Structure formats: structure tokens, C-alpha cells
>>> print(open('run-v4.cif').read())   # mmCIF, C-alpha atoms and all ligand atoms
data_input
loop_
_atom_site.label_atom_id
_atom_site.label_comp_id
_atom_site.auth_asym_id
_atom_site.auth_seq_id
_atom_site.Cartn_x
_atom_site.Cartn_y
_atom_site.Cartn_z
CA MET A 1 20.23 12.59 59.58
CA LYS A 2 19.53 9.46 61.61
CA ALA A 3 16.08 7.91 61.84
CA ALA A 4 14.49 7.95 65.30
CA GLN A 5 15.39 4.95 67.46
CA PRO A 6 13.07 1.94 67.14
CA PRO A 7 10.82 1.59 70.17
CA SER A 8 12.06 -1.98 70.72
CA ARG A 9 14.55 -0.45 73.12
CA ARG A 10 13.48 0.58 76.58
CA ASP A 11 12.12 4.16 76.55
CA ALA A 12 13.05 4.64 80.17
CA LYS A 13 14.58 2.49 82.87
CA THR A 14 11.18 1.74 84.33
CA ARG A 15 9.34 1.05 81.08
CA PRO A 16 9.55 -2.28 79.24
CA GLY A 17 10.39 -2.36 75.52
CA PHE A 18 7.80 -2.43 72.73
CA SER A 19 7.59 -6.21 72.25
CA THR A 20 7.47 -6.91 75.97
CA THR A 21 4.59 -4.45 76.23
CA ALA A 22 2.88 -5.99 73.19
CA ILE A 23 3.05 -9.48 74.67
CA HIS A 24 2.18 -8.65 78.29
CA ALA A 25 0.36 -5.32 78.66
CA GLY A 26 -3.27 -5.68 79.70
CA GLN A 27 -3.23 -9.48 79.66
CA PRO A 28 -1.65 -11.14 82.68
CA PRO A 29 -2.30 -14.90 83.06
CA ASP A 30 -5.96 -15.46 83.96
CA GLY A 31 -6.51 -15.07 87.71
CA SER A 32 -8.90 -17.98 88.15
CA THR A 33 -7.28 -20.64 85.91
CA GLY A 34 -3.76 -19.48 85.10
CA ALA A 35 -4.52 -19.56 81.35
CA VAL A 36 -1.69 -17.77 79.57
CA ALA A 37 -3.70 -16.86 76.48
CA PRO A 38 -6.40 -14.22 77.07
CA PRO A 39 -9.77 -15.94 77.70
CA ILE A 40 -12.57 -15.15 75.25
CA PHE A 41 -15.38 -13.98 77.54
CA ALA A 42 -18.30 -14.93 75.31
CA THR A 43 -20.97 -13.43 77.53
CA SER A 44 -23.46 -10.63 77.04
CA THR A 45 -24.22 -10.14 80.74
CA TYR A 46 -22.79 -10.65 84.24
CA ALA A 47 -24.27 -11.92 87.51
CA GLN A 48 -24.94 -9.24 90.13
CA THR A 49 -24.79 -10.15 93.82
CA ALA A 50 -27.45 -7.52 94.63
CA PRO A 51 -29.17 -4.99 92.35
CA GLY A 52 -26.40 -2.80 90.94
CA VAL A 53 -23.63 -4.71 92.76
CA HIS A 54 -21.17 -6.27 90.28
CA LYS A 55 -17.48 -6.77 89.58
CA GLY A 56 -17.13 -3.86 87.15
CA PHE A 57 -18.88 -5.62 84.28
CA GLU A 58 -22.62 -5.19 83.70
CA TYR A 59 -23.36 -5.69 80.02
CA SER A 60 -20.97 -6.44 77.16
CA ARG A 61 -21.81 -3.42 75.01
CA THR A 62 -20.49 -1.34 77.91
CA GLN A 63 -17.57 -3.50 79.11
CA ASN A 64 -16.21 -6.95 78.35
CA PRO A 65 -13.09 -8.46 79.97
CA THR A 66 -11.49 -9.61 76.67
CA ARG A 67 -12.13 -6.18 75.16
CA LEU A 68 -10.70 -4.49 78.25
CA MET A 69 -7.47 -6.47 77.76
CA LEU A 70 -7.26 -5.19 74.20
CA ASP A 71 -8.11 -1.61 75.27
CA ARG A 72 -5.24 -1.71 77.77
CA ASN A 73 -2.83 -3.40 75.39
CA LEU A 74 -3.36 -0.82 72.64
CA ALA A 75 -3.20 2.09 75.10
CA ALA A 76 0.17 0.81 76.32
CA LEU A 77 1.49 0.38 72.76
CA GLU A 78 0.50 3.91 71.76
CA GLY A 79 1.92 5.28 75.02
CA GLY A 80 -1.54 6.53 76.04
CA ALA A 81 -3.53 6.36 79.24
CA PHE A 82 -6.82 5.00 77.84
CA GLY A 83 -7.88 2.78 74.95
CA LEU A 84 -11.29 2.08 73.46
CA THR A 85 -11.83 -0.58 70.83
CA PHE A 86 -14.50 -0.79 68.15
CA ALA A 87 -16.02 -3.06 65.51
CA SER A 88 -14.07 -1.28 62.75
CA GLY A 89 -11.84 1.71 62.07
CA MET A 90 -14.86 3.60 60.75
CA ALA A 91 -16.81 2.87 63.95
CA ALA A 92 -13.91 4.43 65.87
CA MET A 93 -13.95 7.55 63.67
CA ASN A 94 -17.73 7.78 63.95
CA THR A 95 -17.35 7.94 67.73
CA VAL A 96 -14.90 10.86 67.49
CA LEU A 97 -17.38 12.70 65.26
CA ASN A 98 -20.13 12.01 67.82
CA LEU A 99 -18.30 14.49 70.09
CA LEU A 100 -19.26 17.30 67.71
CA SER A 101 -22.54 19.20 67.29
CA ALA A 102 -24.46 20.71 64.37
CA GLY A 103 -22.64 23.80 63.13
CA ASP A 104 -19.19 22.53 64.10
CA HIS A 105 -16.38 22.40 61.54
CA VAL A 106 -13.72 19.76 60.88
CA ILE A 107 -10.42 20.15 59.03
CA CYS A 108 -9.36 16.91 57.38
CA GLY A 109 -6.31 16.00 55.35
CA ASN A 110 -7.10 15.99 51.64
CA ASP A 111 -5.42 12.62 51.07
CA VAL A 112 -7.17 10.15 53.37
CA TYR A 113 -8.91 6.77 53.17
CA GLY A 114 -12.02 7.11 50.96
CA GLY A 115 -14.27 6.06 53.86
CA THR A 116 -12.96 8.98 55.93
CA TYR A 117 -13.97 11.41 53.19
CA ARG A 118 -17.32 9.61 52.85
CA ILE A 119 -18.31 9.70 56.54
CA LEU A 120 -17.63 13.46 56.65
CA GLU A 121 -19.23 14.37 53.35
CA LYS A 122 -22.05 11.82 53.02
CA VAL A 123 -22.99 11.10 56.64
CA PHE A 124 -22.11 13.94 59.01
CA ARG A 125 -22.72 16.75 56.53
CA GLN A 126 -26.43 15.90 56.74
CA TYR A 127 -26.20 16.61 60.48
CA LYS A 128 -24.78 20.06 59.66
CA LEU A 129 -21.16 19.23 60.37
CA SER A 130 -18.96 20.86 57.73
CA ALA A 131 -15.51 19.72 56.64
CA THR A 132 -12.65 21.41 54.79
CA PHE A 133 -10.06 19.16 53.15
CA VAL A 134 -6.57 20.64 53.06
CA ASP A 135 -3.05 19.55 52.23
CA THR A 136 -1.72 19.07 55.77
CA THR A 137 1.84 18.44 54.57
CA ASP A 138 2.07 22.22 54.92
CA PRO A 139 0.84 22.95 58.48
CA ARG A 140 0.13 26.56 57.48
CA ASN A 141 -2.81 25.24 55.45
CA VAL A 142 -4.32 23.92 58.69
CA GLU A 143 -3.88 27.29 60.40
CA LYS A 144 -5.45 29.13 57.46
CA ALA A 145 -8.49 26.81 57.43
CA ILE A 146 -9.30 27.18 61.14
CA LYS A 147 -12.57 29.05 61.83
CA PRO A 148 -14.29 29.85 65.14
CA ALA A 149 -16.48 26.76 64.59
CA THR A 150 -13.51 24.40 64.05
CA LYS A 151 -13.47 21.68 66.71
CA LEU A 152 -11.38 18.89 65.18
CA VAL A 153 -8.39 18.41 62.88
CA TRP A 154 -8.15 14.86 61.47
CA ILE A 155 -4.96 13.77 59.73
CA GLU A 156 -3.45 10.61 58.35
CA THR A 157 0.31 10.30 58.19
CA PRO A 158 1.51 8.53 56.10
CA THR A 159 -1.58 9.15 53.99
CA ASN A 160 -3.70 6.64 52.12
CA PRO A 161 -2.83 6.18 49.30
CA LEU A 162 -0.23 8.83 48.39
CA LEU A 163 2.07 8.18 51.39
CA ARG A 164 2.42 11.87 52.22
CA ILE A 165 3.82 12.83 55.61
CA THR A 166 2.46 15.53 57.91
CA ASP A 167 4.49 17.05 60.74
CA ILE A 168 2.34 16.03 63.72
CA GLN A 169 4.20 18.25 66.16
CA ALA A 170 3.90 21.32 63.93
CA VAL A 171 0.16 20.77 63.45
CA SER A 172 -0.31 20.15 67.18
CA ARG A 173 1.29 23.52 68.00
CA ILE A 174 -1.47 25.13 65.92
CA THR A 175 -4.34 23.01 67.31
CA ARG A 176 -3.18 23.56 70.93
CA LYS A 177 -3.04 27.31 70.39
CA LYS A 178 -6.54 27.33 68.89
CA ARG A 179 -7.98 24.78 71.38
CA VAL A 180 -8.96 22.37 68.63
CA LEU A 181 -8.70 18.59 69.00
CA LEU A 182 -6.05 16.86 66.89
CA ALA A 183 -6.77 13.26 65.86
CA VAL A 184 -4.12 11.25 64.02
CA ASP A 185 -5.06 8.12 62.11
CA ASN A 186 -1.98 6.00 62.80
CA THR A 187 -3.11 2.97 60.79
CA PHE A 188 -0.33 3.04 58.17
CA ALA A 189 2.50 3.63 60.67
CA THR A 190 1.27 1.61 63.70
CA PRO A 191 2.59 2.48 67.17
CA TYR A 192 5.74 0.52 66.34
CA LEU A 193 6.82 3.19 63.86
CA GLN A 194 5.15 6.33 65.21
CA ARG A 195 3.59 7.53 68.49
CA PRO A 196 1.43 10.59 67.79
CA LEU A 197 0.34 11.11 71.42
CA ALA A 198 3.96 11.76 72.43
CA ILE A 199 4.26 14.56 69.87
CA GLY A 200 1.05 16.47 70.46
CA ALA A 201 -1.95 14.47 69.19
CA ASP A 202 -5.04 14.35 71.43
CA ILE A 203 -6.50 11.22 69.86
CA VAL A 204 -4.88 8.34 68.00
CA ALA A 205 -7.18 6.34 65.73
CA GLN A 206 -6.42 2.90 64.38
CA SER A 207 -8.06 0.53 61.97
CA THR A 208 -6.96 -2.62 63.82
CA THR A 209 -8.20 -4.53 60.77
CA LYS A 210 -4.78 -3.75 59.30
CA TYR A 211 -1.30 -4.18 60.85
CA LEU A 212 -2.42 -4.63 64.46
CA GLY A 213 -4.59 -7.63 63.56
CA GLY A 214 -2.05 -8.39 60.87
CA HIS A 215 -3.53 -11.51 59.30
CA SER A 216 -6.49 -10.22 57.23
CA ASP A 217 -8.90 -12.22 59.35
CA VAL A 218 -10.60 -9.64 61.59
CA MET A 219 -12.19 -6.17 61.51
CA GLY A 220 -11.59 -3.67 64.28
CA GLY A 221 -10.83 -0.10 65.28
CA ALA A 222 -9.39 1.75 68.25
CA LEU A 223 -9.06 5.18 69.85
CA ILE A 224 -6.30 5.97 72.32
CA VAL A 225 -6.19 9.15 74.41
CA ASN A 226 -4.45 10.60 77.46
CA ASP A 227 -7.16 12.91 78.76
CA ALA A 228 -9.56 11.28 81.25
CA ASP A 229 -12.48 13.57 80.39
CA LEU A 230 -12.07 12.97 76.65
CA TYR A 231 -11.94 9.22 77.34
CA LYS A 232 -15.19 9.39 79.32
CA ARG A 233 -16.96 11.30 76.57
CA LEU A 234 -15.79 8.83 73.91
CA ALA A 235 -16.75 5.84 76.11
CA PHE A 236 -20.22 7.37 76.54
CA TYR A 237 -20.76 7.51 72.76
CA GLN A 238 -19.24 4.07 72.28
CA ASN A 239 -21.77 2.62 74.71
CA ALA A 240 -24.66 4.74 73.44
CA VAL A 241 -24.06 3.81 69.78
CA GLY A 242 -22.76 0.29 70.35
CA ALA A 243 -20.34 -0.48 67.50
CA VAL A 244 -18.20 -2.71 69.71
CA PRO A 245 -15.99 -5.65 68.69
CA SER A 246 -16.83 -9.22 69.69
CA PRO A 247 -14.67 -10.89 72.35
CA PHE A 248 -13.37 -13.31 69.71
CA ASP A 249 -12.29 -10.40 67.48
CA CYS A 250 -10.52 -8.81 70.48
CA PHE A 251 -8.71 -12.11 71.06
CA LEU A 252 -7.53 -12.18 67.43
CA ILE A 253 -6.25 -8.60 67.59
CA LEU A 254 -4.48 -9.32 70.88
CA ARG A 255 -2.82 -12.26 69.16
CA GLY A 256 -1.82 -9.95 66.31
CA THR A 257 -0.20 -7.25 68.43
CA LYS A 258 2.14 -9.81 70.05
CA THR A 259 4.07 -10.12 66.78
CA LEU A 260 3.64 -6.53 65.60
CA ALA A 261 7.30 -5.58 66.04
CA VAL A 262 8.73 -8.53 64.12
CA ARG A 263 6.13 -8.20 61.38
CA MET A 264 6.66 -4.44 61.01
CA ARG A 265 10.42 -4.87 60.71
CA LYS A 266 9.88 -7.34 57.85
CA HIS A 267 7.16 -5.19 56.21
CA CYS A 268 9.59 -2.24 56.25
CA GLU A 269 12.53 -4.29 54.95
CA ASN A 270 10.48 -5.82 52.11
CA ALA A 271 8.83 -2.52 51.15
CA MET A 272 12.23 -0.77 51.01
CA ALA A 273 13.61 -3.50 48.71
CA LEU A 274 10.55 -3.32 46.43
CA ALA A 275 10.50 0.50 46.37
CA GLU A 276 14.16 0.60 45.36
CA TRP A 277 13.58 -2.03 42.69
CA LEU A 278 10.54 -0.19 41.31
CA ALA A 279 12.41 3.14 41.35
CA ARG A 280 15.09 1.60 39.07
CA HIS A 281 12.56 -0.02 36.73
CA PRO A 282 12.47 1.51 33.23
CA LEU A 283 8.67 1.20 33.01
CA VAL A 284 7.94 2.99 36.29
CA ALA A 285 7.29 6.73 36.17
CA LYS A 286 7.02 7.47 39.90
CA VAL A 287 7.38 5.61 43.19
CA LEU A 288 5.85 6.98 46.38
CA TYR A 289 7.54 5.52 49.47
CA PRO A 290 8.64 7.63 52.46
CA GLY A 291 11.85 5.60 52.77
CA LEU A 292 13.19 6.71 49.38
CA PRO A 293 15.42 9.81 49.49
CA SER A 294 13.40 11.06 46.48
CA HIS A 295 10.23 11.27 48.64
CA PRO A 296 9.42 14.96 49.25
CA GLN A 297 9.05 14.46 53.02
CA HIS A 298 11.77 11.83 53.46
CA ALA A 299 13.63 13.92 56.07
CA LEU A 300 10.45 14.45 58.08
CA ALA A 301 9.61 10.74 57.88
CA ARG A 302 13.07 9.93 59.27
CA LYS A 303 12.54 12.36 62.12
CA GLN A 304 8.97 11.43 63.00
CA MET A 305 8.95 7.68 62.34
CA CYS A 306 11.38 4.91 63.12
CA GLY A 307 10.83 3.01 59.89
CA PHE A 308 8.91 3.73 56.72
CA GLY A 309 6.17 1.11 56.71
CA GLY A 310 4.90 -1.49 54.28
CA MET A 311 2.86 0.62 51.85
CA ILE A 312 4.04 1.73 48.40
CA ALA A 313 2.21 3.55 45.60
CA PHE A 314 3.51 3.88 42.06
CA GLU A 315 2.64 4.94 38.54
CA LEU A 316 3.59 3.14 35.36
CA LYS A 317 5.40 5.09 32.66
CA ARG A 318 2.85 4.08 30.09
CA GLY A 319 0.32 5.09 32.68
CA SER A 320 -3.08 4.36 31.19
CA VAL A 321 -5.78 2.94 33.46
CA LYS A 322 -5.90 -0.05 31.11
CA ASN A 323 -2.24 -0.83 31.74
CA ALA A 324 -2.63 -0.37 35.47
CA GLU A 325 -5.66 -2.70 35.47
CA LYS A 326 -3.73 -5.26 33.46
CA PHE A 327 -0.77 -5.00 35.81
CA ALA A 328 -2.88 -5.36 38.96
CA SER A 329 -4.61 -8.39 37.46
CA SER A 330 -1.32 -10.00 36.41
CA THR A 331 0.38 -10.59 39.76
CA ARG A 332 0.23 -14.06 41.28
CA LEU A 333 1.50 -13.55 44.82
CA PHE A 334 0.07 -10.07 45.27
CA THR A 335 -3.68 -10.60 45.63
CA LEU A 336 -5.88 -7.99 43.96
CA GLY A 337 -8.02 -6.63 46.74
CA GLU A 338 -8.80 -3.89 49.26
CA SER A 339 -7.27 -3.58 52.70
CA LEU A 340 -3.66 -3.69 53.84
CA GLY A 341 -1.36 -4.62 56.68
CA GLY A 342 -1.73 -8.40 56.54
CA VAL A 343 1.12 -10.88 56.26
CA GLU A 344 0.15 -11.49 52.63
CA SER A 345 0.83 -8.91 49.90
CA LEU A 346 -2.07 -7.07 48.27
CA ILE A 347 -2.38 -4.86 45.20
CA VAL A 348 -5.17 -2.41 44.42
CA LEU A 349 -6.08 0.53 42.19
CA PRO A 350 -7.32 2.99 44.84
CA CYS A 351 -9.54 4.92 42.40
CA GLN A 352 -11.48 1.74 41.67
CA ALA A 353 -11.71 0.47 45.23
CA THR A 354 -10.68 2.24 48.41
CA HIS A 355 -11.25 5.76 47.07
CA VAL A 356 -14.32 5.41 44.80
CA SER A 357 -16.33 7.53 47.21
CA VAL A 358 -14.03 10.51 46.66
CA PRO A 359 -15.38 12.44 43.63
CA PRO A 360 -13.02 12.43 40.62
CA ALA A 361 -12.57 16.24 40.75
CA GLU A 362 -11.50 16.03 44.39
CA ARG A 363 -9.09 13.18 43.59
CA LYS A 364 -7.60 15.23 40.76
CA ARG A 365 -7.06 18.20 43.10
CA THR A 366 -5.05 16.06 45.51
CA GLY A 367 -2.99 14.41 42.76
CA LEU A 368 -4.63 10.99 43.02
CA VAL A 369 -4.57 9.68 39.44
CA ASP A 370 -6.83 6.89 38.17
CA HIS A 371 -3.86 4.72 37.20
CA LEU A 372 -2.16 4.83 40.62
CA ILE A 373 -1.25 1.34 41.87
CA ARG A 374 -1.03 0.71 45.63
CA LEU A 375 0.88 -2.18 47.18
CA SER A 376 0.51 -3.52 50.68
CA VAL A 377 3.82 -5.34 50.93
CA GLY A 378 3.50 -8.48 53.04
CA ILE A 379 6.15 -10.48 54.85
CA GLU A 380 6.79 -13.11 52.19
CA ASP A 381 10.34 -13.39 50.81
CA ALA A 382 11.28 -10.14 49.07
CA ASP A 383 12.87 -11.96 46.10
CA ASP A 384 9.60 -13.77 45.41
CA LEU A 385 7.65 -10.51 45.58
CA ILE A 386 10.07 -8.83 43.18
CA ALA A 387 9.83 -11.81 40.80
CA ASP A 388 6.03 -11.54 40.98
CA LEU A 389 6.12 -7.84 40.02
CA ALA A 390 8.64 -8.61 37.25
CA GLY A 391 6.20 -11.23 35.92
CA ALA A 392 3.37 -8.68 36.00
CA PHE A 393 5.49 -6.21 33.98
CA SER A 394 6.17 -8.94 31.40
CA ARG A 395 2.52 -9.94 31.16
CA THR A 396 1.36 -6.31 30.97
CA PHE A 397 3.80 -5.01 28.39
CA ALA A 398 5.23 -8.17 26.82
CA SER A 399 8.39 -6.27 25.87
CA ARG A 400 12.09 -6.71 26.57
CA ALA A 401 12.21 -3.60 28.72
CA ALA A 402 9.47 -4.99 30.92
CA ARG A 403 11.55 -8.06 31.72
CA SER A 404 14.57 -6.10 32.98
O1 LIG B 501 -11.96 -0.77 57.34
P1 LIG B 501 -11.98 -0.19 58.72
O2 LIG B 501 -11.45 -1.08 59.78
O3 LIG B 501 -13.30 0.40 59.08
O4 LIG B 501 -10.92 1.03 58.71
C1 LIG B 501 -11.11 2.19 57.97
C2 LIG B 501 -9.79 2.85 57.69
C3 LIG B 501 -9.38 3.88 58.51
N1 LIG B 501 -8.19 4.50 58.31
C4 LIG B 501 -7.37 4.14 57.32
C5 LIG B 501 -6.08 4.85 57.13
C6 LIG B 501 -7.73 3.08 56.46
O5 LIG B 501 -6.89 2.75 55.49
C7 LIG B 501 -8.97 2.44 56.64
C8 LIG B 501 -9.44 1.32 55.76
N2 LIG B 501 -8.70 1.20 54.57
C9 LIG B 501 -8.88 0.24 53.62
C10 LIG B 501 -9.82 -0.71 53.69
C11 LIG B 501 -7.97 0.31 52.48
O6 LIG B 501 -7.84 -0.67 51.70
O7 LIG B 501 -7.34 1.36 52.29
#
>>> encode(input="run-v4.cif", output="C-alpha cells", more="lines below")
Ligand code: P1T
Amino acid sequence: MKAAQPPSRRDAKTRPGFSTTAIHAGQPPDGSTGAVAPPIFATSTYAQTAPGVHKGFEYSRTQNPTRLMLDRNLAALEGGAFGLTFASGMAAMNTVLNLLSAGDHVICGNDVYGGTYRILEKVFRQYKLSATFVDTTDPRNVEKAIKPATKLVWIETPTNPLLRITDIQAVSRITRKKRVLLAVDNTFATPYLQRPLAIGADIVAQSTTKYLGGHSDVMGGALIVNDADLYKRLAFYQNAVGAVPSPFDCFLILRGTKTLAVRMRKHCENAMALAEWLARHPLVAKVLYPGLPSHPQHALARKQMCGFGGMIAFELKRGSVKNAEKFASSTRLFTLGESLGGVESLIVLPCQATHVSVPPAERKRTGLVDHLIRLSVGIEDADDLIADLAGAFSRTFASRAARS
């Protein structure tokens, strides 16, 4: 089976390719000065020529020209009609949940970013929103969990941190039939590798803090939709709540998306090399990477994505938490820390960082073990990254096998 074609090629005769869109969409040279780089409109307010008469911008919580360029850029990349950008990925998710009312029910994937679990269970539950966490890799689990009160299905694919893949199209057939919104968190894949709106999602969510920004120097989030009414409702809550990004942050993310295609190709290439190396390593018990034929949803990943991304999770054979901690503290190029998607490689133990807010019993149910190690593979030279992991094996186990 062949992987889907990369979106770097023209989708249609009339539509430019992915990188052309990334570099140009939403940001033509500035009309008044000709500046090629998007101006940072550091202003909170705008002059009106008469009360209520303005040029489409009134107050920067509501609209800002630099933010509008980013909104349009991300909408074009995801193949959507409308984009809205936020101060963080969680601010974007919060806005989707603002659409719901007390008594409503959400179905969420059971392997998701810890903050996604936390906002449902520790924030919105107190407003009488209930959530059921199911394994969405089998779409029938979504169908079984739907109740009359269900208004939203929220999935990640690939998931954080277990890199499981959900069939977006299959889930969307169920949500369409039941008139439930389907939101797909596309942070791990990015629009370069996967376009959920084209295969049935109603909302795409992004933490632009990650690959879209790409340099670990900015926080941000985004929602992209096709439906004008849904867009208006989300824009209302965005303005009412106010978790908007600064114009400077929008500028940084716009700078990031320009190189998304070249970075993603390198992230994918490096991650594949590391996953294959880890899979052959005598001290590794399990490697989770959708690009490996051993991955349970490898065929689906090939069909749904056009590359497998830069995230890997693995377990050591002598898999105690102590060994995993020692390993994660022993790398020199991989920095021990949260987050992902930057040019530099990161290593983390999800159960001690990104997923601490998921109760241990819940983690156990989903198969998230305390000694799981997650890598965000950067775009350094793959040989150097492999040598760094080899060094960490030596320092952790100090045995001959570890040095192989
Ligand atoms: O950090 P923020 O920009 O608010 O994004 C939250 C978020 C949303 N969705 C996914 C899939 C994520 O991974 C995250 C944030 N994740 C990390 C910080 C992490 O290290 O996994």
C-alpha cells in the first residue's frame, strides 16, 4: 500500500502547493509600505472616523491585523474556510468547550494530552459537562458511547503519547449520522501530514506552540473550521473570553509555518531512522512509531497521513521507572523537558510531566506505563541523535549490550 501523496504537490490546477500556501497565504506584502514580512501591529485600539465607523478593526481582543494574517494562513494550510488563533492550545480547546451547556456530554479519546483530560475532568465537570474517555482506535467505541446529550467528540491522532491512530473518516461517519461535532487535535501530525477537515472533521485544533511555531519560542493555539455559523459562535466566545495571542506571537508563528514543509520532512526522516534503530536495540522492549510496520495501525497511518511525524515513544527492556529516569537524564543532545515539535530534540517521561494530571488508574487502563519514554525528534543530524541515545544506553546500563 502506498502512503498518501505529500501535499507539496498541487491539489488541483487552481490551488498552489503546500509550501507556496505556507509562505504566501494571508500575508501579501504590506499595502502601505511594501514590507514583505508581516508587520507586527502592536496596537490595542484603532482610530474611528466617526462613532462606529472603522476599517474592520475596533479593538485587538476582537481583531488584530497580524492575527488575521495568521488566522488566514492556518485556515489555508488546513484546507479550511476560517481560522481563529489563541494564546495557547488549551485556550483553543476551552473555546470549543464554551459552545456546550450544562448537561451536555463529550466523548474524548482515552489517550490524549494530559491537559485535555484535565480541562474536561477538573474544569468543565464542575460546570456539569460530563466526559467519557474511550479508545477511539476502534470507531465502534465512539458509537457505543454516544448518548442523547452527546454534543462533541474530541480525538487526537496520532495520540499523545502512545502514537495511536484513529480513522477520522470512520469516526466522522458516526458523528455526522448522530449530529455530533467532531474535533480533531492535529498537533502531532500538522496540516502537512494530515488534513482532518477534508475527511469529515468539523473542527481542527492545533497547539501552534509545537510544529507550526517550530522553534520552542512561542505559545499559541488555533481552531480551523469550514462552517460559517460555527466560526461565528467560536469567534464570539474567543472575544468574550479573550485568550488571544499577541501580535508578536502571531508574527513568530507565521514565520514558523513558512518552513513547516521542510522541517516536517526532516522530522519524519529523522524519527524513522531513530525508530528503526531503537526497534533493533537489544535493550528496547517496545517502540511506538506509526511508520514502523510493527505499529498496530501502520496501514491506517499510511492511508490517512502522508508521513509519520517526529514523535516516538518507547519502553526499555529493563523497564523500571528508575532506569527510564536515568536514561532520560543521560542524553546530551535530547533536552529533558515538556513540549514537542521544535527544531531541537526533547525527551520526557510523560507520567512525570505531560500526563501527571491523568490519574494513575486511568493511565493504566489506557496502557500508559510509568516508564514510557517519549521523544520529540528534532531536525539535527540523525547520526548525532542516534549517538546521543547510544550514549544514554551506555550511561544507564553500563553494559556491553547497551553499547551495541
Ligand atoms: O501547551 P498548549 O499550547 O496549550 O497546547 C496544549 C496541547 C494540545 N494538544 C496536544 C496534542 C498537546 O500535545 C498539547 C500540549 N502538549 C505538551 C505540552 C506536551 O509536551 O505534550
>>> closest_atom_pairs(input="run-v4.cif", of="chain A", to="ligand LIG 501 (chain B)", cutoff="9 Å", atoms="all atoms listed in the file", output="CSV")
residue,atom,partner,partner_atom,distance
A:Phe86,CA,B:LIG501,O2,8.9
A:Ala87,CA,B:LIG501,O2,7.6
A:Ser88,CA,B:LIG501,O2,4.0
A:Gly89,CA,B:LIG501,O4,3.5
A:Met90,CA,B:LIG501,O3,3.9
A:Ala91,CA,B:LIG501,O3,6.5
A:Ala92,CA,B:LIG501,O3,7.9
A:Met93,CA,B:LIG501,C3,7.8
A:Val112,CA,B:LIG501,C5,6.6
A:Tyr113,CA,B:LIG501,O5,5.1
A:Gly114,CA,B:LIG501,O7,7.5
A:Gly115,CA,B:LIG501,C1,6.5
A:Thr116,CA,B:LIG501,C3,6.7
A:Glu156,CA,B:LIG501,C5,6.4
A:Thr157,CA,B:LIG501,C5,8.5
A:Pro158,CA,B:LIG501,C5,8.5
A:Thr159,CA,B:LIG501,C5,7.0
A:Asn160,CA,B:LIG501,C5,5.8
A:Pro161,CA,B:LIG501,O7,7.2
A:Asp185,CA,B:LIG501,C5,6.0
A:Asn186,CA,B:LIG501,C5,7.1
A:Thr187,CA,B:LIG501,C5,5.1
A:Phe188,CA,B:LIG501,C5,6.1
A:Ala205,CA,B:LIG501,N1,7.7
A:Gln206,CA,B:LIG501,N1,6.5
A:Ser207,CA,B:LIG501,O2,4.3
A:Thr208,CA,B:LIG501,O2,6.2
A:Thr209,CA,B:LIG501,O2,4.8
A:Lys210,CA,B:LIG501,O2,7.2
A:Val218,CA,B:LIG501,O2,8.8
A:Met219,CA,B:LIG501,O2,5.4
A:Gly220,CA,B:LIG501,O2,5.2
A:Gly221,CA,B:LIG501,O2,5.6
A:Gly337,CA,B:LIG501,O6,7.8
A:Glu338,CA,B:LIG501,O6,4.2
A:Ser339,CA,B:LIG501,O6,3.1
A:Leu340,CA,B:LIG501,O6,5.6
A:Val348,CA,B:LIG501,O6,7.9
A:Pro350,CA,B:LIG501,O7,7.6
A:Ala353,CA,B:LIG501,O6,7.6
A:Thr354,CA,B:LIG501,O7,5.2
A:His355,CA,B:LIG501,O7,7.9
A:Ser376,CA,B:LIG501,O6,8.9
>>> residues_near_point(input="run-v4.cif", point="(-19.7, 23.2, 64.3)", cutoff="8 Å", atoms="all atoms listed in the file", output="MDAnalysis selection string")
chainID A and resid 100:106 128:130 149:151
>>> atom_distance(input="run-v4.cif", atom1="atom CA of A:Leu283", atom2="atom CA of A:His295")
18.7 Å
>>> closest_residue(input="run-v4.cif", among="A:Val358, A:Val241, A:Val96, A:Val153", to="A:Glu121", atoms="only C-alpha atoms")
A:Val358
>>> atom_distance(input="run-v4.cif", atom1="atom CA of A:Ala37", atom2="atom CA of A:Val377")
29.0 Å
>>> closest_residue(input="run-v4.cif", among="A:Ala235, A:Lys322, A:Val204, A:Leu385", to="A:Trp277", atoms="all atoms listed in the file")
A:Leu385
>>> closest_residue(input="run-v4.cif", among="A:Asp202, A:Ala328, A:Ala390, A:Thr335", to="A:Leu278", atoms="all atoms listed in the file")
A:Ala390
>>> closest_residue(input="run-v4.cif", among="A:Leu197, A:Ala324, A:Ile40, A:Leu234", to="A:Leu99", atoms="only C-alpha atoms")
A:Leu234
>>> axis_aligned_box(input="run-v4.cif", around="stretch 90-100 of chain A", padding_each_side="5 Å", output="AutoDock Vina command-line options")
--center_x -17.0 --center_y 10.1 --center_z 65.4 --size_x 16.2 --size_y 24.4 --size_z 19.3
>>> atom_distance(input="run-v4.cif", atom1="atom CA of A:Tyr211", atom2="atom CA of A:Gly79")
17.3 Å
>>> closest_residue(input="run-v4.cif", among="A:Ala279, A:Ala228, A:Ile199, A:Cys250", to="A:Leu212", atoms="all atoms listed in the file")
A:Cys250
